[in-house]
$ cat input38.cif   # mmCIF, C-alpha atoms and all ligand atoms
data_coords
#
loop_
_atom_site.label_atom_id
_atom_site.label_comp_id
_atom_site.auth_asym_id
_atom_site.auth_seq_id
_atom_site.Cartn_x
_atom_site.Cartn_y
_atom_site.Cartn_z
CA MET A 62 -1.40 -47.53 40.43
CA GLY A 63 -1.89 -49.39 43.73
CA TYR A 64 -3.56 -48.26 46.93
CA ALA A 65 -2.50 -48.74 50.50
CA GLN A 66 -3.78 -47.75 53.89
CA LEU A 67 -1.51 -47.60 56.87
CA VAL A 68 -3.34 -48.54 60.07
CA ILE A 69 -1.80 -47.06 63.20
CA GLY A 70 -2.89 -46.19 66.72
CA PRO A 71 -2.12 -46.67 70.38
CA ALA A 72 -1.93 -50.16 71.91
CA GLY A 73 -5.34 -51.76 72.19
CA SER A 74 -7.09 -49.11 70.07
CA GLY A 75 -8.61 -51.81 67.86
CA LYS A 76 -6.20 -52.03 64.93
CA SER A 77 -6.32 -55.83 64.65
CA THR A 78 -10.10 -55.88 64.94
CA TYR A 79 -10.46 -53.13 62.33
CA CYS A 80 -8.12 -54.94 59.94
CA SER A 81 -9.99 -58.16 60.42
CA SER A 82 -13.28 -56.40 59.50
CA LEU A 83 -11.63 -54.74 56.54
CA TYR A 84 -10.34 -58.08 55.33
CA GLN A 85 -13.76 -59.70 55.68
CA HIS A 86 -15.38 -56.78 53.91
CA CYS A 87 -13.03 -57.11 50.94
CA GLU A 88 -13.60 -60.85 50.85
CA THR A 89 -17.36 -60.30 50.80
CA VAL A 90 -17.28 -57.78 47.98
CA GLY A 91 -14.73 -59.84 46.08
CA ARG A 92 -11.81 -57.44 46.09
CA THR A 93 -8.24 -58.48 46.69
CA ILE A 94 -6.56 -57.04 49.74
CA HIS A 95 -3.09 -57.93 50.99
CA MET A 96 -2.45 -57.61 54.68
CA VAL A 97 1.05 -56.43 55.56
CA ASN A 98 2.27 -56.89 59.12
CA LEU A 99 4.90 -54.39 60.23
CA ASP A 100 4.85 -55.38 63.89
CA PRO A 101 7.81 -57.62 64.76
CA ALA A 102 6.18 -58.48 68.09
CA ALA A 103 2.81 -59.58 66.67
CA GLU A 104 1.68 -63.05 67.67
CA HIS A 105 -1.39 -64.16 65.80
CA PHE A 106 -3.76 -62.86 63.18
CA SER A 107 -7.36 -63.62 62.33
CA TYR A 108 -6.62 -63.02 58.63
CA PRO A 109 -3.95 -64.27 56.26
CA VAL A 110 -0.84 -62.07 56.20
CA SER A 111 0.85 -61.79 52.82
CA THR A 112 3.88 -59.75 53.84
CA ASP A 113 5.22 -60.15 57.33
CA ILE A 114 8.14 -58.33 58.89
CA ARG A 115 8.63 -61.35 61.13
CA GLU A 116 9.96 -63.23 58.14
CA LEU A 117 12.72 -60.64 57.95
CA ILE A 118 13.23 -60.31 61.68
CA SER A 119 11.23 -61.28 64.75
CA LEU A 120 11.33 -59.70 68.18
CA ASP A 121 11.62 -63.10 69.89
CA ASP A 122 14.80 -63.92 67.98
CA VAL A 123 16.32 -60.53 68.71
CA MET A 124 15.58 -60.83 72.42
CA GLU A 125 16.91 -64.36 72.59
CA GLU A 126 19.98 -64.04 70.43
CA LEU A 127 21.06 -60.51 71.29
CA GLY A 128 19.83 -60.53 74.89
CA MET A 129 17.78 -57.35 74.37
CA GLY A 130 14.66 -56.30 76.24
CA PRO A 131 11.30 -55.91 74.45
CA ASN A 132 11.62 -52.18 73.77
CA GLY A 133 15.27 -52.09 72.74
CA GLY A 134 14.51 -55.19 70.69
CA LEU A 135 11.68 -53.43 68.88
CA ILE A 136 13.95 -50.52 67.95
CA TYR A 137 16.59 -52.98 66.78
CA CYS A 138 14.03 -54.71 64.55
CA MET A 139 13.03 -51.38 63.03
CA GLU A 140 16.64 -50.41 62.37
CA HIS A 141 17.14 -53.77 60.73
CA LEU A 142 14.09 -53.16 58.55
CA GLU A 143 15.46 -49.75 57.65
CA ASP A 144 18.77 -51.28 56.55
CA ASN A 145 17.02 -53.88 54.39
CA LEU A 146 14.09 -51.79 53.29
CA ASP A 147 14.81 -51.48 49.58
CA ASP A 148 15.69 -55.11 48.91
CA TRP A 149 13.09 -56.67 51.13
CA LEU A 150 10.24 -54.41 50.10
CA ASP A 151 11.03 -54.71 46.40
CA GLU A 152 11.01 -58.48 46.72
CA GLN A 153 7.63 -58.36 48.51
CA LEU A 154 6.07 -55.86 46.11
CA ASP A 155 7.10 -57.95 43.13
CA GLY A 156 4.47 -60.44 44.23
CA TYR A 157 1.65 -57.89 43.95
CA LEU A 158 -0.25 -56.62 40.97
CA ASP A 159 -0.25 -52.97 39.98
CA ASP A 160 -3.72 -52.19 41.23
CA ASP A 161 -3.70 -54.33 44.36
CA TYR A 162 -4.83 -52.92 47.65
CA LEU A 163 -2.52 -53.14 50.65
CA CYS A 164 -3.35 -52.79 54.32
CA LEU A 165 -0.28 -52.09 56.46
CA ILE A 166 -0.56 -52.56 60.20
CA ALA A 167 2.00 -50.87 62.41
CA GLN A 168 2.58 -50.01 66.04
CA ILE A 169 2.80 -46.35 67.00
CA GLU A 170 6.41 -46.76 68.22
CA LEU A 171 7.44 -47.33 64.63
CA PHE A 172 7.11 -43.72 63.69
CA THR A 173 7.73 -42.03 67.01
CA HIS A 174 11.19 -43.57 67.48
CA VAL A 175 12.71 -44.17 64.05
CA PRO A 176 12.11 -42.79 60.55
CA VAL A 177 11.60 -46.24 59.07
CA LEU A 178 7.85 -46.02 58.62
CA ARG A 179 8.14 -42.79 56.70
CA ASN A 180 10.83 -44.29 54.50
CA PHE A 181 8.65 -47.33 54.01
CA VAL A 182 5.81 -45.12 52.83
CA GLU A 183 8.11 -43.09 50.57
CA HIS A 184 9.24 -46.33 49.00
CA LEU A 185 5.64 -47.37 48.35
CA LYS A 186 4.93 -43.99 46.76
CA ARG A 187 7.91 -44.37 44.44
CA LYS A 188 6.40 -47.70 43.42
CA ASN A 189 3.25 -45.83 42.40
CA PHE A 190 1.14 -46.58 45.45
CA ASN A 191 -1.36 -44.08 46.80
CA VAL A 192 -1.01 -44.28 50.56
CA CYS A 193 -3.27 -42.92 53.29
CA ALA A 194 -2.98 -43.15 57.05
CA VAL A 195 -5.82 -44.45 59.22
CA TYR A 196 -5.32 -43.58 62.87
CA LEU A 197 -7.51 -45.36 65.40
CA LEU A 198 -8.40 -43.99 68.80
CA ASP A 199 -10.52 -45.89 71.31
CA SER A 200 -13.86 -44.08 71.79
CA GLN A 201 -13.59 -44.85 75.49
CA PHE A 202 -10.84 -42.22 75.57
CA VAL A 203 -13.49 -39.60 75.08
CA SER A 204 -14.74 -40.14 78.62
CA ASP A 205 -11.34 -39.00 79.86
CA VAL A 206 -10.26 -35.72 78.30
CA THR A 207 -6.59 -36.14 79.28
CA LYS A 208 -6.40 -39.45 77.39
CA TYR A 209 -8.28 -37.88 74.52
CA ILE A 210 -5.77 -35.01 74.26
CA SER A 211 -2.84 -37.40 74.32
CA GLY A 212 -4.55 -39.41 71.56
CA CYS A 213 -5.00 -36.23 69.50
CA MET A 214 -1.34 -35.33 70.00
CA ALA A 215 -0.20 -38.77 68.89
CA SER A 216 -2.39 -38.45 65.81
CA LEU A 217 -1.02 -34.98 65.10
CA SER A 218 2.50 -36.34 65.43
CA ALA A 219 1.69 -39.07 62.92
CA MET A 220 0.26 -36.49 60.50
CA ILE A 221 3.34 -34.33 60.74
CA GLN A 222 5.83 -37.17 60.49
CA LEU A 223 4.15 -39.14 57.72
CA GLU A 224 2.73 -36.26 55.66
CA LEU A 225 0.01 -38.51 54.28
CA PRO A 226 -3.69 -38.01 53.66
CA HIS A 227 -4.99 -38.86 57.10
CA ILE A 228 -8.22 -40.17 58.60
CA ASN A 229 -8.84 -40.37 62.33
CA ILE A 230 -11.29 -43.01 63.45
CA LEU A 231 -12.97 -43.25 66.81
CA SER A 232 -13.14 -47.00 67.27
CA LYS A 233 -15.38 -49.24 69.41
CA MET A 234 -18.45 -47.01 69.00
CA ASP A 235 -20.64 -49.99 69.94
CA LEU A 236 -19.40 -49.49 73.52
CA VAL A 237 -20.67 -45.90 73.62
CA SER A 238 -24.22 -45.88 74.96
CA ASN A 239 -25.01 -42.22 74.33
CA LYS A 240 -23.67 -41.08 70.96
CA LYS A 241 -24.40 -37.44 71.90
CA ASP A 242 -21.58 -37.60 74.48
CA VAL A 243 -19.14 -38.27 71.71
CA GLU A 244 -20.32 -35.71 69.19
CA GLU A 245 -18.46 -32.75 70.59
CA TYR A 246 -15.23 -34.69 70.35
CA LEU A 247 -15.53 -35.42 66.66
CA ASN A 248 -14.63 -31.83 65.81
CA PRO A 249 -13.15 -30.74 69.11
CA GLU A 250 -13.57 -27.13 70.19
CA ALA A 251 -10.92 -25.40 72.23
CA GLN A 252 -13.32 -24.04 74.86
CA VAL A 253 -14.88 -27.40 75.63
CA LEU A 254 -11.55 -29.19 75.81
CA LEU A 255 -10.01 -26.47 77.90
CA SER A 256 -12.71 -26.34 80.54
CA GLN A 257 -12.65 -30.11 80.87
CA LEU A 258 -8.87 -30.28 81.07
CA ASN A 259 -8.80 -27.56 83.70
CA ARG A 260 -11.38 -29.38 85.74
CA GLN A 261 -9.24 -32.52 85.83
CA MET A 262 -5.78 -31.10 86.21
CA ALA A 263 -3.96 -28.95 88.78
CA PRO A 264 -4.17 -25.16 88.19
CA LYS A 265 -0.49 -24.91 87.28
CA PHE A 266 -1.26 -26.68 84.01
CA GLY A 267 -3.74 -23.99 82.94
CA LYS A 268 -1.49 -22.34 80.37
CA LEU A 269 -0.33 -25.64 78.92
CA ASN A 270 -3.92 -26.83 78.63
CA LYS A 271 -4.89 -23.66 76.81
CA SER A 272 -2.11 -24.08 74.28
CA LEU A 273 -2.91 -27.74 73.71
CA ALA A 274 -6.64 -27.15 73.32
CA GLU A 275 -6.01 -24.27 70.91
CA LEU A 276 -3.54 -26.32 68.92
CA VAL A 277 -6.12 -29.03 68.39
CA ASP A 278 -8.85 -26.54 67.55
CA ASP A 279 -7.07 -23.73 65.67
CA TYR A 280 -6.04 -25.62 62.62
CA SER A 281 -9.02 -27.99 62.62
CA MET A 282 -6.42 -30.60 61.98
CA VAL A 283 -7.77 -33.28 64.23
CA ASN A 284 -11.26 -34.59 63.74
CA PHE A 285 -12.70 -38.04 64.04
CA VAL A 286 -15.02 -40.34 62.14
CA PRO A 287 -16.93 -42.67 64.48
CA LEU A 288 -16.84 -46.32 63.50
CA ASP A 289 -19.18 -48.99 64.78
CA LEU A 290 -18.10 -52.29 63.28
CA ARG A 291 -21.46 -53.93 64.02
CA LYS A 292 -23.08 -51.70 61.42
CA GLU A 293 -22.58 -52.21 57.77
CA SER A 294 -19.75 -49.91 56.93
CA SER A 295 -18.81 -48.49 53.61
CA ILE A 296 -15.12 -48.50 52.87
CA GLN A 297 -14.41 -47.48 49.34
CA TYR A 298 -11.46 -46.85 47.14
CA GLY A 299 -11.24 -45.79 43.53
CA GLU A 300 -9.75 -43.53 40.94
CA ASP A 301 -9.44 -40.52 43.17
CA ALA A 302 -7.94 -42.61 45.98
CA ASP A 303 -10.64 -41.35 48.25
CA VAL A 304 -11.21 -43.62 51.20
CA LYS A 305 -14.52 -43.10 52.93
CA VAL A 306 -15.70 -44.72 56.08
CA ARG A 307 -19.33 -43.82 56.49
CA ASP A 308 -20.94 -45.33 59.45
CA PHE A 309 -22.59 -42.80 61.66
CA ASP A 310 -26.33 -42.28 61.58
CA PRO A 311 -27.01 -38.70 62.66
CA GLU A 312 -30.34 -39.70 64.16
CA ASP A 313 -28.63 -42.06 66.67
N1 LIG A 401 -16.70 -53.75 71.67
C1 LIG A 401 -15.67 -53.61 70.84
N2 LIG A 401 -14.48 -54.06 71.21
C2 LIG A 401 -13.45 -53.91 70.36
C3 LIG A 401 -13.61 -53.30 69.08
N3 LIG A 401 -12.40 -53.26 68.47
C4 LIG A 401 -11.54 -53.85 69.32
N4 LIG A 401 -12.16 -54.24 70.46
C5 LIG A 401 -11.54 -54.92 71.63
O1 LIG A 401 -10.45 -54.14 72.11
C6 LIG A 401 -9.35 -54.94 72.45
C7 LIG A 401 -8.13 -54.53 71.63
O2 LIG A 401 -8.43 -54.70 70.25
P1 LIG A 401 -7.32 -55.04 69.18
O3 LIG A 401 -8.00 -55.07 67.86
O4 LIG A 401 -6.53 -56.22 69.57
O5 LIG A 401 -6.41 -53.74 69.31
P2 LIG A 401 -4.95 -53.49 68.70
O6 LIG A 401 -4.88 -52.03 68.42
O7 LIG A 401 -4.69 -54.42 67.57
O8 LIG A 401 -4.03 -53.86 69.92
P3 LIG A 401 -2.44 -54.07 69.90
O9 LIG A 401 -2.09 -54.77 68.62
O10 LIG A 401 -2.18 -54.90 71.11
O11 LIG A 401 -1.85 -52.71 70.02
C8 LIG A 401 -9.77 -56.38 72.19
O12 LIG A 401 -10.25 -56.92 73.40
C9 LIG A 401 -10.93 -56.24 71.20
O13 LIG A 401 -11.86 -57.28 71.29
C10 LIG A 401 -14.92 -52.83 68.72
O14 LIG A 401 -15.17 -52.26 67.63
N5 LIG A 401 -15.91 -53.01 69.63
MG MG A 402 -3.12 -55.79 67.23
#

$ encode --input "input38.cif" --output "structure tokens"
Amino acid sequence: MGYAQLVIGPAGSGKSTYCSSLYQHCETVGRTIHMVNLDPAAEHFSYPVSTDIRELISLDDVMEELGMGPNGGLIYCMEHLEDNLDDWLDEQLDGYLDDDYLCLIAQIELFTHVPVLRNFVEHLKRKNFNVCAVYLLDSQFVSDVTKYISGCMASLSAMIQLELPHINILSKMDLVSNKKDVEEYLNPEAQVLLSQLNRQMAPKFGKLNKSLAELVDDYSMVNFVPLDLRKESSIQYGEDADVKVRDFDPED
């Protein structure tokens, strides 16, 4: 039985930085982790990548040889991955041991545009991997409720499309000076979100705001764990496949 976490989130939310910390952490505690890059447009990494989609197909080649733009090219790469998923992934997974830990890094476009990421995950599950999703959202988004709501919606969309155990992380907590400002966004309440949305947006959006705020609150589906990478974090995995990121001192 292997374990894998799938790291996703909007552009610039801190995925690469998080993965780099995770890699260092595993190195320190002496556990093997394999980093899997699923971003055909990625340029450089601060950790060794063991499986890289760019070996199958790279965005640069697609743009050059097929004359596609960056976005069409990205979709093309994903469709190509989809077509080669079984063979390529099997070949890659053959190199890993049964109880290895994988960290998959993907761009958000991968699951909003094409079903390939879900199929990728299904394939891992068939190979006996326990997979969980880790969705990162920049804590700076909390200062702007409209960005925050769009981040929540993207996370919700990932939850629905991937149907995986899911953890939301509020990244870059070291940039937040007053942790109290962030607390009410960890388990967002409809009333708070609604009044802030209404304050920022034109009155005609009132009904929409109410529905969005209630959606986030009603099912308690979206909540966040704050992560400050400067502090010693505890990222665990084990028999029950429970991944915990504990990093928030209540007295802060
Ligand atoms: N202060 C602080 N800055 C961070 C942290 N994590 C990321 N950053 C900064 O935020 C920016 C984006 O971080 P990345 O890790 O590259 O984000 P990403 O999600 O991989 O970005 P893309 O791959 O381009 O989508 C960089 O300038 C990082 O240095 C953090 O925990 N604290
Ligand atoms: Mg990155």

$ closest_residue --input "input38.cif" --among "A:Leu290, A:Ile210, A:Leu165, A:Val175" --to "Cys193 (chain A)" --atoms "all atoms listed in the file"
A:Leu165

$ closest_atom_pairs --input "input38.cif" --of "chain A" --to "ligand MG 402 (chain A)" --cutoff "10 Å" --atoms "only C-alpha atoms and all ligand atoms" --output "CSV"
residue,atom,partner,partner_atom,distance
A:Ile69,CA,A:MG402,MG,9.7
A:Gly70,CA,A:MG402,MG,9.6
A:Pro71,CA,A:MG402,MG,9.7
A:Ala72,CA,A:MG402,MG,7.4
A:Gly73,CA,A:MG402,MG,6.8
A:Ser74,CA,A:MG402,MG,8.3
A:Gly75,CA,A:MG402,MG,6.8
A:Lys76,CA,A:MG402,MG,5.4
A:Ser77,CA,A:MG402,MG,4.1
A:Thr78,CA,A:MG402,MG,7.3
A:Tyr79,CA,A:MG402,MG,9.2
A:Cys80,CA,A:MG402,MG,8.9
A:Ser81,CA,A:MG402,MG,10.0
A:Asn98,CA,A:MG402,MG,9.8
A:Asp100,CA,A:MG402,MG,8.7
A:Ala102,CA,A:MG402,MG,9.7
A:Ala103,CA,A:MG402,MG,7.1
A:Glu104,CA,A:MG402,MG,8.7
A:His105,CA,A:MG402,MG,8.7
A:Phe106,CA,A:MG402,MG,8.2
A:Ile166,CA,A:MG402,MG,8.1
A:Ala167,CA,A:MG402,MG,8.6
A:Gln168,CA,A:MG402,MG,8.2

$ closest_residue --input "input38.cif" --among "A:Pro101, A:Gly156, A:Pro264, A:Pro109" --to "Leu135 (chain A)" --atoms "only C-alpha atoms"
A:Pro101

$ closest_residue --input "input38.cif" --among "A:Leu198, A:Val203, A:Ile94, A:Val286" --to "ligand LIG 401 (chain A)" --atoms "all atoms listed in the file"
A:Leu198

$ closest_residue --input "input38.cif" --among "A:Leu150, A:Val68, A:Cys87, A:Val277" --to "ligand LIG 401 (chain A)" --atoms "all atoms listed in the file"
A:Val68

$ atom_distance --input "input38.cif" --atom1 "atom O12 of ligand LIG 401 (chain A)" --atom2 "CA of Pro226 (chain A)"
28.1 Å

$ atom_distance --input "input38.cif" --atom1 "CA of Leu223 (chain A)" --atom2 "atom O7 of ligand LIG 401 (chain A)"
20.2 Å

$ closest_residue --input "input38.cif" --among "A:Glu126, A:Asp159, A:Asp113, A:Glu224" --to "Leu178 (chain A)" --atoms "all atoms listed in the file"
A:Glu224

$ closest_residue --input "input38.cif" --among "A:Ser256, A:Met62, A:Glu244, A:Lys268" --to "Asn284 (chain A)" --atoms "all atoms listed in the file"
A:Glu244

$ residues_around --input "input38.cif" --residues "Leu120 (chain A)" --least-positions-apart "5" --cutoff "12 Å" --atoms "only C-alpha atoms" --output "NGL selection string"
:A and (99-104 or 114-115 or 125-139 or 141-142)

$ write_last_selection --input "input38.cif" --atoms "C-alpha atoms" --output "mmCIF file, in the frame of the given file"
data_model
loop_
_atom_site.group_PDB
_atom_site.id
_atom_site.type_symbol
_atom_site.label_atom_id
_atom_site.label_comp_id
_atom_site.auth_asym_id
_atom_site.auth_seq_id
_atom_site.Cartn_x
_atom_site.Cartn_y
_atom_site.Cartn_z
ATOM 1 C CA LEU A 99 4.900 -54.390 60.230
ATOM 2 C CA ASP A 100 4.850 -55.380 63.890
ATOM 3 C CA PRO A 101 7.810 -57.620 64.760
ATOM 4 C CA ALA A 102 6.180 -58.480 68.090
ATOM 5 C CA ALA A 103 2.810 -59.580 66.670
ATOM 6 C CA GLU A 104 1.680 -63.050 67.670
ATOM 7 C CA ILE A 114 8.140 -58.330 58.890
ATOM 8 C CA ARG A 115 8.630 -61.350 61.130
ATOM 9 C CA GLU A 125 16.910 -64.360 72.590
ATOM 10 C CA GLU A 126 19.980 -64.040 70.430
ATOM 11 C CA LEU A 127 21.060 -60.510 71.290
ATOM 12 C CA GLY A 128 19.830 -60.530 74.890
ATOM 13 C CA MET A 129 17.780 -57.350 74.370
ATOM 14 C CA GLY A 130 14.660 -56.300 76.240
ATOM 15 C CA PRO A 131 11.300 -55.910 74.450
ATOM 16 C CA ASN A 132 11.620 -52.180 73.770
ATOM 17 C CA GLY A 133 15.270 -52.090 72.740
ATOM 18 C CA GLY A 134 14.510 -55.190 70.690
ATOM 19 C CA LEU A 135 11.680 -53.430 68.880
ATOM 20 C CA ILE A 136 13.950 -50.520 67.950
ATOM 21 C CA TYR A 137 16.590 -52.980 66.780
ATOM 22 C CA CYS A 138 14.030 -54.710 64.550
ATOM 23 C CA MET A 139 13.030 -51.380 63.030
ATOM 24 C CA HIS A 141 17.140 -53.770 60.730
ATOM 25 C CA LEU A 142 14.090 -53.160 58.550
#

$ residues_around --input "input38.cif" --residues "Asn191 (chain A)" --least-positions-apart "3" --cutoff "10 Å" --atoms "all atoms listed in the file" --output "list of chain:residue names"
A:Met62, A:Gly63, A:Tyr64, A:Ala65, A:Gln66, A:Tyr162, A:Leu163, A:Val182, A:Leu185, A:Lys186, A:Arg187, A:Lys188, A:Leu225, A:Pro226, A:Asp301, A:Ala302, A:Asp303

$ decode --input "input38.cif" --residues "region 215-235 of chain A" --atoms "N, CA and C atoms" --output "short mmCIF file (atom, residue, chain, number, x, y, z; two decimals), in the first residue's frame"
data_model
loop_
_atom_site.label_atom_id
_atom_site.label_comp_id
_atom_site.auth_asym_id
_atom_site.auth_seq_id
_atom_site.Cartn_x
_atom_site.Cartn_y
_atom_site.Cartn_z
N ALA A 215 -12.95 27.26 -6.07
CA ALA A 215 -12.01 26.40 -6.80
C ALA A 215 -11.71 25.15 -5.99
N SER A 216 -11.60 25.32 -4.68
CA SER A 216 -11.34 24.17 -3.82
C SER A 216 -12.52 23.21 -3.85
N LEU A 217 -13.73 23.79 -3.77
CA LEU A 217 -14.94 22.98 -3.79
C LEU A 217 -15.02 22.20 -5.10
N SER A 218 -14.65 22.86 -6.19
CA SER A 218 -14.69 22.21 -7.49
C SER A 218 -13.69 21.04 -7.53
N ALA A 219 -12.53 21.24 -6.91
CA ALA A 219 -11.56 20.15 -6.85
C ALA A 219 -12.10 18.98 -6.04
N MET A 220 -12.76 19.31 -4.90
CA MET A 220 -13.33 18.25 -4.05
C MET A 220 -14.34 17.43 -4.81
N ILE A 221 -15.20 18.14 -5.56
CA ILE A 221 -16.28 17.45 -6.25
C ILE A 221 -15.74 16.63 -7.41
N GLN A 222 -14.76 17.20 -8.12
CA GLN A 222 -14.26 16.49 -9.30
C GLN A 222 -13.34 15.33 -8.94
N LEU A 223 -12.57 15.49 -7.87
CA LEU A 223 -11.58 14.44 -7.57
C LEU A 223 -12.13 13.39 -6.62
N GLU A 224 -13.12 13.79 -5.79
CA GLU A 224 -13.68 12.87 -4.79
C GLU A 224 -12.58 12.19 -3.97
N LEU A 225 -11.69 13.00 -3.44
CA LEU A 225 -10.61 12.47 -2.61
C LEU A 225 -10.73 13.06 -1.21
N PRO A 226 -10.15 12.39 -0.21
CA PRO A 226 -9.96 13.05 1.08
C PRO A 226 -9.21 14.35 0.81
N HIS A 227 -9.63 15.43 1.45
CA HIS A 227 -9.19 16.74 0.98
C HIS A 227 -8.78 17.63 2.15
N ILE A 228 -7.63 18.26 2.04
CA ILE A 228 -7.21 19.22 3.06
C ILE A 228 -6.97 20.56 2.39
N ASN A 229 -7.56 21.61 2.94
CA ASN A 229 -7.28 22.96 2.46
C ASN A 229 -6.25 23.60 3.37
N ILE A 230 -5.25 24.19 2.76
CA ILE A 230 -4.21 24.86 3.54
C ILE A 230 -4.16 26.33 3.18
N LEU A 231 -4.11 27.15 4.21
CA LEU A 231 -3.90 28.58 4.00
C LEU A 231 -2.39 28.80 4.08
N SER A 232 -1.80 29.09 2.93
CA SER A 232 -0.33 29.16 2.87
C SER A 232 0.19 30.55 3.21
N LYS A 233 1.48 30.67 3.36
CA LYS A 233 2.18 31.94 3.59
C LYS A 233 1.72 32.65 4.86
N MET A 234 1.45 31.88 5.91
CA MET A 234 0.98 32.47 7.16
C MET A 234 2.02 33.40 7.79
N ASP A 235 3.29 33.23 7.42
CA ASP A 235 4.32 34.13 7.96
C ASP A 235 4.10 35.57 7.51
#
